[in-house]
$ cat run_4.csv   # CSV, C-alpha atoms
chain,number,residue,atom,x,y,z
A,185,MET,CA,51.4,-5.1,41.8
A,186,ASN,CA,49.7,-2.3,39.8
A,187,ILE,CA,48.2,-3.2,36.5
A,188,SER,CA,47.9,-0.3,34.0
A,189,VAL,CA,44.8,-0.6,31.8
A,190,PRO,CA,45.1,1.8,28.8
A,191,PHE,CA,41.9,3.4,27.7
A,192,THR,CA,40.4,2.0,24.5
A,193,ALA,CA,37.1,3.1,23.2
A,194,PRO,CA,34.5,0.4,23.8
A,195,VAL,CA,33.2,-1.8,21.0
A,196,PRO,CA,29.4,-2.1,21.5
A,197,GLY,CA,27.6,-5.4,20.9
A,198,PRO,CA,25.1,-5.6,18.0
A,199,ARG,CA,22.3,-4.0,20.1
A,200,ASN,CA,24.5,-2.0,22.5
A,201,ALA,CA,22.4,-3.5,25.2
A,202,ILE,CA,22.6,-5.9,28.2
A,203,THR,CA,20.8,-8.4,25.9
A,204,ASP,CA,24.0,-8.8,23.9
A,205,VAL,CA,25.1,-11.1,26.7
A,206,PRO,CA,23.9,-14.5,25.6
A,207,GLY,CA,20.9,-15.8,27.7
A,208,VAL,CA,19.9,-12.4,29.1
A,209,ARG,CA,16.4,-11.1,28.3
A,210,VAL,CA,14.7,-7.9,29.5
A,211,GLY,CA,11.0,-7.1,29.9
A,212,HIS,CA,9.3,-3.9,31.0
A,213,VAL,CA,5.9,-3.0,32.4
A,214,THR,CA,5.1,0.7,32.2
A,215,ARG,CA,2.1,2.4,33.8
A,216,ILE,CA,1.2,6.0,33.1
A,217,GLY,CA,-2.1,7.7,33.9
A,218,ASP,CA,-4.8,7.2,36.5
A,219,GLY,CA,-2.4,8.3,39.2
A,220,PHE,CA,0.5,6.1,38.0
A,221,LEU,CA,3.9,7.1,36.8
A,222,THR,CA,5.9,4.0,37.5
A,223,GLY,CA,6.9,0.6,36.3
A,224,THR,CA,9.0,-2.5,36.6
A,225,THR,CA,11.9,-4.0,34.6
A,226,VAL,CA,12.9,-7.7,34.8
A,227,VAL,CA,16.2,-9.2,33.7
A,228,LEU,CA,15.4,-12.8,33.0
A,229,LEU,CA,18.2,-15.3,33.1
A,230,PRO,CA,18.5,-18.8,31.6
A,231,PRO,CA,16.5,-21.6,33.4
A,232,SER,CA,19.7,-22.7,35.2
A,233,GLY,CA,20.2,-19.2,36.5
A,234,ALA,CA,23.4,-17.2,36.9
A,235,ALA,CA,26.0,-16.6,39.6
A,236,ALA,CA,25.1,-13.3,41.2
A,237,ALA,CA,26.7,-10.6,43.4
A,238,VAL,CA,25.6,-7.2,44.6
A,239,GLU,CA,27.2,-4.0,45.8
A,240,VAL,CA,24.9,-1.5,47.8
A,241,ILE,CA,26.3,1.9,48.5
A,242,GLY,CA,24.2,4.7,50.0
A,243,GLY,CA,22.2,5.2,53.0
A,244,GLY,CA,18.6,4.5,51.8
A,245,PRO,CA,18.4,1.3,49.8
A,246,ALA,CA,15.2,-0.6,49.1
A,247,THR,CA,16.2,-4.2,48.3
A,248,ARG,CA,15.2,-7.8,48.5
A,249,ASP,CA,17.3,-10.9,48.8
A,250,THR,CA,20.6,-9.1,48.7
A,251,ALA,CA,21.8,-10.9,51.8
A,252,ALA,CA,21.6,-14.2,49.9
A,253,LEU,CA,24.3,-12.8,47.5
A,254,ASP,CA,26.7,-12.0,50.3
A,255,LEU,CA,30.0,-13.9,50.0
A,256,ARG,CA,29.8,-14.6,53.7
A,257,SER,CA,26.7,-16.7,53.0
A,258,GLY,CA,28.5,-18.5,50.2
A,259,GLY,CA,27.0,-16.6,47.3
A,260,ALA,CA,24.0,-17.7,45.3
A,261,VAL,CA,22.6,-18.3,41.8
A,262,ALA,CA,19.8,-15.9,40.8
A,263,HIS,CA,17.1,-16.7,38.3
A,264,ALA,CA,16.0,-13.2,37.5
A,265,VAL,CA,16.7,-9.7,38.8
A,266,VAL,CA,13.9,-7.1,39.3
A,267,LEU,CA,14.4,-3.3,39.1
A,268,THR,CA,11.2,-1.4,40.0
A,269,GLY,CA,9.7,1.9,41.0
A,270,GLY,CA,7.5,2.2,44.1
A,271,SER,CA,10.2,2.3,46.7
A,272,ALA,CA,9.9,-0.4,49.4
A,273,TYR,CA,6.3,-1.0,48.3
A,274,GLY,CA,7.4,-1.8,44.8
A,275,LEU,CA,9.5,-4.7,45.9
A,276,ALA,CA,6.2,-6.6,45.8
A,277,ALA,CA,6.8,-6.9,42.1
A,278,ALA,CA,9.5,-9.5,42.8
A,279,GLY,CA,6.9,-11.8,44.2
A,280,GLY,CA,5.2,-11.8,40.8
A,281,THR,CA,8.4,-12.7,39.1
A,282,LEU,CA,8.9,-15.5,41.7
A,283,ASP,CA,5.5,-16.8,40.9
A,284,TRP,CA,6.2,-16.8,37.2
A,285,LEU,CA,9.5,-18.6,37.6
A,286,ALA,CA,7.9,-21.3,39.9
A,287,ALA,CA,5.0,-21.8,37.4
A,288,HIS,CA,7.6,-22.4,34.7
A,289,SER,CA,9.7,-24.8,36.8
A,290,ARG,CA,12.6,-22.5,37.3
A,291,GLY,CA,14.4,-22.4,40.6
A,292,ALA,CA,16.8,-24.2,43.0
A,293,ARG,CA,15.8,-27.7,44.1
A,294,VAL,CA,15.4,-27.6,47.9
A,295,SER,CA,13.7,-31.0,48.4
A,296,ALA,CA,13.8,-34.5,47.1
A,297,ALA,CA,10.3,-33.9,45.6
A,298,PRO,CA,10.9,-32.9,41.9
A,299,ASP,CA,8.3,-30.1,41.9
A,300,VAL,CA,9.7,-28.2,44.9
A,301,LEU,CA,11.8,-25.4,43.5
A,302,VAL,CA,12.6,-22.0,45.0
A,303,PRO,CA,13.7,-19.3,42.6
A,304,LEU,CA,16.0,-16.5,43.8
A,305,VAL,CA,14.9,-13.1,42.6
A,306,PRO,CA,17.1,-10.3,44.0
A,307,ALA,CA,15.4,-6.9,43.6
A,308,ALA,CA,16.0,-3.2,44.1
A,309,ALA,CA,13.5,-0.3,44.0
A,310,LEU,CA,13.8,3.4,43.4
A,311,TYR,CA,11.7,6.1,44.9
A,312,ASP,CA,9.0,7.5,42.5
A,313,LEU,CA,6.0,7.4,44.9
A,314,GLY,CA,3.3,9.8,44.0
A,315,ARG,CA,4.9,11.3,40.9
A,316,GLY,CA,1.9,10.3,38.8
A,317,GLY,CA,-0.5,11.8,41.4
A,318,LEU,CA,-1.4,8.9,43.7
A,319,PHE,CA,0.9,7.7,46.5
A,320,THR,CA,-0.8,4.3,46.3
A,321,ALA,CA,-0.3,3.9,42.6
A,322,ARG,CA,2.8,1.7,42.7
A,323,PRO,CA,4.0,-1.7,41.3
A,324,ASP,CA,2.7,-4.9,42.7
A,325,ALA,CA,3.1,-8.6,41.9
A,326,VAL,CA,1.1,-8.2,38.7
A,327,PHE,CA,3.9,-5.9,37.4
A,328,GLY,CA,6.5,-8.5,38.1
A,329,ARG,CA,4.6,-11.3,36.4
A,330,GLU,CA,3.9,-9.2,33.3
A,331,ALA,CA,7.4,-7.9,33.0
A,332,THR,CA,8.8,-11.4,33.4
A,333,GLN,CA,6.4,-12.7,30.7
A,334,ALA,CA,7.5,-9.8,28.5
A,335,ALA,CA,11.1,-10.8,28.9
A,336,ALA,CA,10.3,-14.4,28.2
A,337,ASP,CA,8.4,-13.5,25.0
A,338,SER,CA,11.2,-11.4,23.6
A,339,PRO,CA,13.5,-13.1,21.2
A,340,PRO,CA,17.2,-13.8,22.0
A,341,PHE,CA,19.4,-10.7,21.7
A,342,ALA,CA,16.4,-8.4,21.4
A,343,PRO,CA,16.9,-4.6,21.6
A,344,VAL,CA,16.0,-3.0,25.0
A,345,GLU,CA,13.6,-0.1,25.0
A,346,GLN,CA,15.1,2.9,26.9
A,347,GLY,CA,14.0,6.1,28.5
A,348,CYS,CA,10.7,6.5,30.4
A,349,VAL,CA,9.8,2.8,30.5
A,350,GLY,CA,9.8,0.1,33.1
A,351,ALA,CA,11.7,1.0,36.3
A,352,GLY,CA,12.7,4.3,34.6
A,353,THR,CA,9.1,5.5,34.1
A,354,GLY,CA,8.9,7.8,37.1
A,355,ALA,CA,12.6,8.5,37.5
A,356,VAL,CA,13.9,12.0,38.0
A,357,THR,CA,17.5,13.2,38.2
A,358,ALA,CA,18.2,16.5,39.9
A,359,GLU,CA,14.6,17.6,38.9
A,360,MET,CA,15.3,16.7,35.2
A,361,LYS,CA,13.6,13.6,33.8
A,362,GLY,CA,15.5,10.4,34.3
A,363,GLY,CA,14.9,7.0,32.8
A,364,ILE,CA,16.4,3.6,32.1
A,365,GLY,CA,19.3,2.9,29.7
A,366,THR,CA,21.6,0.2,28.6
A,367,ALA,CA,25.0,-0.4,26.9
A,368,SER,CA,27.4,-3.2,26.1
A,369,SER,CA,31.0,-4.0,25.1
A,370,VAL,CA,32.6,-6.9,23.3
A,371,LEU,CA,36.2,-7.4,24.5
A,372,ALA,CA,39.1,-8.4,22.3
A,373,GLY,CA,38.8,-12.1,23.3
A,374,GLY,CA,35.0,-12.2,22.7
A,375,THR,CA,33.7,-11.7,26.3
A,376,VAL,CA,30.5,-9.6,26.4
A,377,VAL,CA,29.8,-7.2,29.2
A,378,GLY,CA,26.4,-5.4,29.3
A,379,ALA,CA,24.8,-3.0,31.7
A,380,LEU,CA,21.3,-1.7,32.5
A,381,ALA,CA,20.7,1.3,34.7
A,382,ALA,CA,17.6,3.1,36.0
A,383,VAL,CA,18.6,6.7,36.8
A,384,ASN,CA,16.6,8.4,39.6
A,385,ALA,CA,19.6,10.2,41.0
A,386,HIS,CA,19.6,12.9,43.7
A,387,GLY,CA,22.7,14.3,42.1
A,388,SER,CA,23.1,15.8,38.6
A,389,THR,CA,24.1,13.8,35.6
A,390,LEU,CA,25.4,16.9,33.8
A,391,ASP,CA,28.6,18.8,33.8
A,392,GLN,CA,27.6,22.1,35.4
A,393,ALA,CA,30.1,24.0,33.3
A,394,THR,CA,29.1,22.7,29.8
A,395,GLY,CA,25.6,21.0,30.1
A,396,LEU,CA,27.0,17.8,28.6
A,397,PRO,CA,26.4,14.4,30.3
A,398,LEU,CA,29.2,13.7,32.8
A,399,ALA,CA,30.1,10.3,31.4
A,400,LEU,CA,30.1,11.3,27.7
A,401,ASP,CA,33.8,10.5,27.5
A,402,ALA,CA,33.1,6.8,28.3
A,403,GLY,CA,31.3,6.3,25.0
A,404,ALA,CA,32.2,4.4,21.9
A,405,ASP,CA,33.2,6.4,18.8
A,406,GLY,CA,30.0,8.0,17.6
A,407,GLU,CA,27.8,6.4,20.3
A,408,PHE,CA,26.2,9.6,21.6
A,409,ALA,CA,24.9,12.0,18.9
A,410,ILE,CA,25.2,15.1,20.9
A,411,ALA,CA,26.9,18.5,20.4
A,412,ARG,CA,28.1,20.9,23.1
A,413,PRO,CA,25.3,23.2,24.1
A,414,SER,CA,25.8,26.9,23.5
A,415,ALA,CA,26.4,29.1,26.5
A,416,ALA,CA,23.0,30.7,26.0
A,417,GLU,CA,21.2,27.3,25.9
A,418,HIS,CA,23.1,26.0,29.0
A,419,ALA,CA,22.3,29.2,30.9
A,420,ALA,CA,18.6,28.9,30.0
A,421,ALA,CA,18.5,25.3,31.0
A,422,LYS,CA,20.0,26.0,34.4
A,423,ARG,CA,17.5,28.8,35.0
A,424,ARG,CA,14.6,26.5,34.3
A,425,LEU,CA,15.9,23.9,36.7
A,426,ALA,CA,16.4,26.5,39.4
A,427,GLU,CA,13.0,28.1,39.1
A,428,PRO,CA,11.3,28.5,42.5
A,429,ALA,CA,8.2,26.8,41.2
A,430,ARG,CA,10.2,23.6,40.9
A,431,GLY,CA,10.2,23.4,44.7
A,432,ARG,CA,6.5,22.6,44.7
A,433,THR,CA,6.8,19.5,42.5
A,434,GLY,CA,7.6,17.2,45.5
A,435,LEU,CA,10.5,15.7,43.7
A,436,ASP,CA,13.1,16.5,46.3
A,437,LEU,CA,12.6,13.1,47.9
A,438,PRO,CA,14.9,10.1,48.4
A,439,ASN,CA,16.5,9.1,45.1
A,440,THR,CA,18.7,6.3,43.8
A,441,VAL,CA,20.3,4.6,40.8
A,442,ILE,CA,19.8,0.9,40.5
A,443,GLY,CA,21.1,-1.5,37.8
A,444,VAL,CA,22.6,-4.7,36.6
A,445,VAL,CA,26.0,-5.6,35.0
A,446,ALA,CA,26.0,-9.0,33.2
A,447,THR,CA,28.8,-10.9,31.5
A,448,ASP,CA,29.3,-14.2,29.9
A,449,ALA,CA,32.7,-14.5,31.5
A,450,PRO,CA,32.6,-17.5,34.0
A,451,LEU,CA,33.7,-15.5,37.0
A,452,ALA,CA,34.2,-16.7,40.6
A,453,LEU,CA,31.9,-15.0,43.1
A,454,ALA,CA,34.7,-12.9,44.6
A,455,ALA,CA,35.5,-11.6,41.1
A,456,LEU,CA,31.9,-11.1,40.4
A,457,ARG,CA,31.5,-8.8,43.4
A,458,ARG,CA,34.3,-6.7,42.0
A,459,VAL,CA,32.2,-6.4,38.8
A,460,ALA,CA,29.3,-5.0,40.9
A,461,LEU,CA,31.8,-2.6,42.5
A,462,ALA,CA,33.0,-1.6,39.0
A,463,GLY,CA,29.4,-0.7,38.1
A,464,GLN,CA,29.2,1.5,41.2
A,465,ARG,CA,32.4,3.3,39.9
A,466,GLY,CA,30.7,3.8,36.6
A,467,MET,CA,27.7,5.3,38.5
A,468,ALA,CA,30.0,7.7,40.2
A,469,ARG,CA,31.4,8.8,36.8
A,470,ALA,CA,27.9,9.5,35.5
A,471,VAL,CA,26.3,11.4,38.5
A,472,SER,CA,27.6,13.8,41.1
A,473,PRO,CA,27.2,13.5,44.0
A,474,ALA,CA,26.6,9.8,44.2
A,475,HIS,CA,26.2,7.4,47.1
A,476,GLY,CA,24.5,9.8,49.5
A,477,MET,CA,22.6,9.1,52.7
A,478,THR,CA,19.2,9.3,51.0
A,479,ASP,CA,20.4,7.3,47.9
A,480,GLY,CA,20.0,3.5,47.7
A,481,ASP,CA,22.5,3.0,44.9
A,482,THR,CA,22.5,-0.7,44.1
A,483,VAL,CA,24.3,-2.7,41.4
A,484,PHE,CA,23.8,-6.4,40.7
A,485,ALA,CA,26.4,-8.4,38.8
A,486,LEU,CA,25.7,-11.6,36.9
A,487,SER,CA,28.0,-14.2,35.4
A,488,VAL,CA,25.7,-15.9,32.8
A,489,PRO,CA,26.8,-19.4,31.7
A,490,GLY,CA,28.3,-19.2,28.2
A,491,SER,CA,31.3,-19.9,26.1
A,492,ALA,CA,33.5,-17.0,27.0
A,493,ASP,CA,37.1,-17.9,27.9
A,494,THR,CA,38.5,-15.9,30.9
A,495,THR,CA,42.1,-16.6,29.7
A,496,ALA,CA,41.3,-14.5,26.6
A,497,ASP,CA,40.0,-11.5,28.5
A,498,PRO,CA,41.6,-10.9,31.9
A,499,LEU,CA,39.5,-9.8,34.9
A,500,HIS,CA,40.9,-6.2,34.8
A,501,ALA,CA,39.6,-5.8,31.2
A,502,VAL,CA,36.1,-7.1,32.3
A,503,LEU,CA,36.1,-4.7,35.2
A,504,ALA,CA,37.1,-1.7,33.0
A,505,ALA,CA,34.3,-2.6,30.6
A,506,ALA,CA,31.8,-3.0,33.4
A,507,GLU,CA,32.6,0.5,34.7
A,508,ALA,CA,32.3,2.1,31.3
A,509,ALA,CA,29.2,0.2,30.3
A,510,PHE,CA,27.3,1.2,33.4
A,511,ALA,CA,28.3,4.9,32.9
A,512,ARG,CA,27.3,4.7,29.3
A,513,ALA,CA,23.9,3.1,30.2
A,514,MET,CA,23.2,6.1,32.5
A,515,VAL,CA,24.0,8.5,29.7
A,516,HIS,CA,21.6,6.7,27.4
A,517,ALA,CA,18.9,6.8,30.1
A,518,VAL,CA,19.1,10.6,30.3
A,519,LEU,CA,19.3,11.1,26.5
A,520,HIS,CA,16.3,8.8,25.8
A,521,ALA,CA,14.1,10.3,28.6
A,522,GLU,CA,11.0,12.3,27.5
A,523,SER,CA,9.4,15.2,29.3
A,524,VAL,CA,6.3,14.5,31.3
A,525,VAL,CA,3.5,16.5,32.9
A,526,THR,CA,2.2,15.3,36.2
A,527,PRO,CA,-0.1,16.7,38.9
A,528,PHE,CA,3.1,18.0,40.5
A,529,GLY,CA,4.2,19.9,37.4
A,530,HIS,CA,6.2,19.7,34.2
A,531,ILE,CA,9.3,17.6,34.4
A,532,ALA,CA,11.6,18.5,31.5
A,533,SER,CA,13.9,16.1,29.8
A,534,TYR,CA,17.4,16.7,28.6
A,535,ARG,CA,16.2,16.9,25.0
A,536,GLU,CA,13.7,19.6,25.9
A,537,LEU,CA,16.2,21.6,28.0
A,538,TYR,CA,19.0,21.2,25.3
A,539,PRO,CA,17.2,20.9,22.0
A,540,HIS,CA,20.1,22.1,19.9
A,541,ALA,CA,22.6,19.9,21.6
A,542,THR,CA,20.7,16.6,20.9
A,543,VAL,CA,21.2,16.3,17.2
A,544,GLY,CA,20.1,12.7,16.8
A,545,PRO,CA,19.1,9.5,18.5
A,546,ALA,CA,21.3,8.5,21.4
$ encode --input "run_4.csv" --output "structure tokens"
Amino acid sequence: MNISVPFTAPVPGPRNAITDVPGVRVGHVTRIGDGFLTGTTVVLLPPSGAAAAVEVIGGGPATRDTAALDLRSGGAVAHAVVLTGGSAYGLAAAGGTLDWLAAHSRGARVSAAPDVLVPLVPAAALYDLGRGGLFTARPDAVFGREATQAAADSPPFAPVEQGCVGAGTGAVTAEMKGGIGTASSVLAGGTVVGALAAVNAHGSTLDQATGLPLALDAGADGEFAIARPSAAEHAAAKRRLAEPARGRTGLDLPNTVIGVVATDAPLALAALRRVALAGQRGMARAVSPAHGMTDGDTVFALSVPGSADTTADPLHAVLAAAEAAFARAMVHAVLHAESVVTPFGHIASYRELYPHATVGPA
């Protein structure tokens, strides 16, 4: 049976952020200078954790504890999710989050002893090694502990800083500056769906004919304050990105998009995996090409315990919202990014390349 889901413009939550999902908090650690251009972002969940699933598409993932989320293993409850720079080295940040959770008595009980708890911290890393100058300047366990503490210190439903922060600090997309972004939707029955995406894509996030972000059409009414670039501005931007000098920046390295979709809908694990897959579809709307052999495109999905009623908002509506929210988060990541100058050269942001198109805050 085919179910037709008519397009309706999303209704963002109060913060238009993944933190609109009750119980979800986000913390960033950003390190710039002294050879660093990288960071870590932690999605902190309630003490009881949240049902989790994952979908990894692409030939070059850097992940931790994704096997525990496989349905063939019975699924699992996660207590936090870590998104980080530093490629496989940066996965060490998850150890710091694990330590913080254990120190705060969060985790799954694995023994009769009351103090023996093991948190589950799935993680994914993107490749930004050396973009601040030093290959060895990358996230470690300290980043994870500090980002988790930052999330814990944030109030409920807090705004999420976007752009060149946390896991998006060193991100680059098609030699334009990438970053981290977020978005949310509130469905007709009250279910909240939020997304967080760190955009470090090998492919372009722009429509090559217009210069507009590819997933602009997924936005809510008035969500993106952006005008179509003039033909001259678009031509100038393409020339800058194609300059031969850009080839010396060392940015043509493995890339990826990593992120999280969360909802307060109490979904079964099989349905939750489809939410992760919907996030991947949103990714494919926002970057082209996606899911390449050097990409480690990874989306986690979380069902956070709450009061939402699945009978009010059917699964197909949640999936549609997840797809759109992830695509919108990627647009916000690009529009919030700022230009940086590194030892490898100048990495221009969308706002620098298209100054007349970006007419206000995204």
$ closest_residue --input "run_4.csv" --among "A:Ser414, A:Ser369, A:Ser472, A:Thr320" --to "Gly274 in chain A" --atoms "all atoms listed in the file"
A:Thr320
$ residues_near_point --input "run_4.csv" --point "(21.1, 11.4, 25.1)" --cutoff "12 Å" --atoms "only C-alpha atoms" --output "ChimeraX atom specification"
/A:346-347,361-366,389-390,395-400,403,407-412,512-522,533-546
$ atom_distance --input "run_4.csv" --atom1 "CA of Gln464 in chain A" --atom2 "CA of Asp254 in chain A"
16.5 Å
$ closest_residue --input "run_4.csv" --among "A:Val210, A:Ala236, A:Ala264, A:Leu425" --to "Val459 in chain A" --atoms "only C-alpha atoms"
A:Ala236
$ atom_distance --input "run_4.csv" --atom1 "CA of Phe528 in chain A" --atom2 "CA of Val349 in chain A"
19.4 Å
$ closest_residue --input "run_4.csv" --among "A:Ala355, A:Ile241, A:Val227, A:Leu503" --to "Ile531 in chain A" --atoms "only C-alpha atoms"
A:Ala355
$ atom_distance --input "run_4.csv" --atom1 "CA of Val370 in chain A" --atom2 "CA of Ala460 in chain A"
18.0 Å
$ closest_atom_pairs --input "run_4.csv" --of "range 230-263 of chain A" --to "range 289-294 of chain A" --cutoff "8 Å" --atoms "only C-alpha atoms" --output "JSON lines"
{"residue": "A:Pro231", "atom": "CA", "partner": "A:Arg290", "partner_atom": "CA", "distance": 5.6}
{"residue": "A:Ser232", "atom": "CA", "partner": "A:Arg290", "partner_atom": "CA", "distance": 7.4}
{"residue": "A:Gly233", "atom": "CA", "partner": "A:Gly291", "partner_atom": "CA", "distance": 7.8}
{"residue": "A:His263", "atom": "CA", "partner": "A:Gly291", "partner_atom": "CA", "distance": 6.7}
$ closest_residue --input "run_4.csv" --among "A:Pro498, A:Val525, A:Asp401, A:Glu507" --to "Arg465 in chain A" --atoms "all atoms listed in the file"
A:Glu507
$ closest_atom_pairs --input "run_4.csv" --of "range 371-445 of chain A" --to "range 481-484 of chain A" --cutoff "8 Å" --atoms "all atoms listed in the file" --output "tab-separated table"
residue	atom	partner	partner_atom	distance
A:Thr440	CA	A:Asp481	CA	5.2
A:Val441	CA	A:Asp481	CA	4.9
A:Ile442	CA	A:Thr482	CA	4.8
A:Gly443	CA	A:Val483	CA	5.0
A:Val444	CA	A:Phe484	CA	4.6
A:Val445	CA	A:Phe484	CA	6.2
$ closest_residue --input "run_4.csv" --among "A:His288, A:Arg315, A:Arg469, A:Arg424" --to "Phe220 in chain A" --atoms "only C-alpha atoms"
A:Arg315
$ residues_near_point --input "run_4.csv" --point "(30.1, -9.7, 32.1)" --cutoff "6 Å" --atoms "all atoms listed in the file" --output "ChimeraX atom specification"
/A:376-377,446-449,487
$ closest_residue --input "run_4.csv" --among "A:Gly269, A:Gly259, A:Gly244, A:Gly207" --to "Leu229 in chain A" --atoms "only C-alpha atoms"
A:Gly207
$ residues_around --input "run_4.csv" --residues "Arg199 in chain A" --least-positions-apart "5" --cutoff "12 Å" --atoms "all atoms listed in the file" --output "list in words"
Asp204, Val205, Pro206, Pro340, Phe341, Ala342, Pro343, Val344, Glu345, Thr366, Ala367, Ser368, Ser369, Val370, Val376, Gly378, Ala379 and Glu407 of chain A
$ residues_around --input "run_4.csv" --residues "Thr250 in chain A" --least-positions-apart "3" --cutoff "9 Å" --atoms "all atoms listed in the file" --output "ChimeraX atom specification"
/A:237-240,247,253-254,306-308
$ residues_around --input "run_4.csv" --residues "Asp283 in chain A" --least-positions-apart "6" --cutoff "9 Å" --atoms "only C-alpha atoms" --output "PyMOL selection string"
chain A and resi 303+325+328-329
$ residues_around --input "run_4.csv" --residues "Val213 in chain A" --least-positions-apart "2" --cutoff "12 Å" --atoms "all atoms listed in the file" --output "NGL selection string"
:A and (210-211 or 215-216 or 220-226 or 266-269 or 277 or 322-335 or 345 or 348-353)
$ build_atoms --input "run_4.csv" --residues "range 333-346 of chain A" --atoms "N, CA and C atoms" --output "PDB file, in the coordinates of the input"
ATOM      1  N   GLN A 333       6.977 -12.094  31.927  1.00  0.00           N
ATOM      2  CA  GLN A 333       6.400 -12.700  30.700  1.00  0.00           C
ATOM      3  C   GLN A 333       6.889 -11.924  29.471  1.00  0.00           C
ATOM      4  N   ALA A 334       6.962 -10.588  29.584  1.00  0.00           N
ATOM      5  CA  ALA A 334       7.500  -9.800  28.500  1.00  0.00           C
ATOM      6  C   ALA A 334       8.892 -10.155  28.115  1.00  0.00           C
ATOM      7  N   ALA A 335       9.703 -10.383  29.140  1.00  0.00           N
ATOM      8  CA  ALA A 335      11.100 -10.800  28.900  1.00  0.00           C
ATOM      9  C   ALA A 335      11.126 -12.173  28.236  1.00  0.00           C
ATOM     10  N   ALA A 336      10.317 -13.100  28.730  1.00  0.00           N
ATOM     11  CA  ALA A 336      10.300 -14.400  28.200  1.00  0.00           C
ATOM     12  C   ALA A 336       9.817 -14.447  26.723  1.00  0.00           C
ATOM     13  N   ASP A 337       8.910 -13.541  26.388  1.00  0.00           N
ATOM     14  CA  ASP A 337       8.400 -13.500  25.000  1.00  0.00           C
ATOM     15  C   ASP A 337       9.309 -12.812  24.043  1.00  0.00           C
ATOM     16  N   SER A 338      10.309 -12.094  24.542  1.00  0.00           N
ATOM     17  CA  SER A 338      11.200 -11.400  23.600  1.00  0.00           C
ATOM     18  C   SER A 338      12.199 -12.400  23.028  1.00  0.00           C
ATOM     19  N   PRO A 339      12.591 -12.193  21.783  1.00  0.00           N
ATOM     20  CA  PRO A 339      13.500 -13.100  21.200  1.00  0.00           C
ATOM     21  C   PRO A 339      14.941 -12.939  21.722  1.00  0.00           C
ATOM     22  N   PRO A 340      15.817 -13.918  21.541  1.00  0.00           N
ATOM     23  CA  PRO A 340      17.200 -13.800  22.000  1.00  0.00           C
ATOM     24  C   PRO A 340      17.852 -12.530  21.360  1.00  0.00           C
ATOM     25  N   PHE A 341      18.683 -11.846  22.139  1.00  0.00           N
ATOM     26  CA  PHE A 341      19.400 -10.700  21.700  1.00  0.00           C
ATOM     27  C   PHE A 341      18.540  -9.555  21.171  1.00  0.00           C
ATOM     28  N   ALA A 342      17.373  -9.418  21.770  1.00  0.00           N
ATOM     29  CA  ALA A 342      16.400  -8.400  21.400  1.00  0.00           C
ATOM     30  C   ALA A 342      16.907  -7.004  21.834  1.00  0.00           C
ATOM     31  N   PRO A 343      16.576  -5.936  21.100  1.00  0.00           N
ATOM     32  CA  PRO A 343      16.900  -4.600  21.600  1.00  0.00           C
ATOM     33  C   PRO A 343      16.115  -4.335  22.899  1.00  0.00           C
ATOM     34  N   VAL A 344      16.612  -3.399  23.692  1.00  0.00           N
ATOM     35  CA  VAL A 344      16.000  -3.000  25.000  1.00  0.00           C
ATOM     36  C   VAL A 344      15.453  -1.607  24.837  1.00  0.00           C
ATOM     37  N   GLU A 345      14.159  -1.440  25.073  1.00  0.00           N
ATOM     38  CA  GLU A 345      13.600  -0.100  25.000  1.00  0.00           C
ATOM     39  C   GLU A 345      14.160   0.718  26.185  1.00  0.00           C
ATOM     40  N   GLN A 346      14.446   1.986  25.897  1.00  0.00           N
ATOM     41  CA  GLN A 346      15.100   2.900  26.900  1.00  0.00           C
ATOM     42  C   GLN A 346      14.278   4.112  27.095  1.00  0.00           C
TER      43      GLN A 346
END
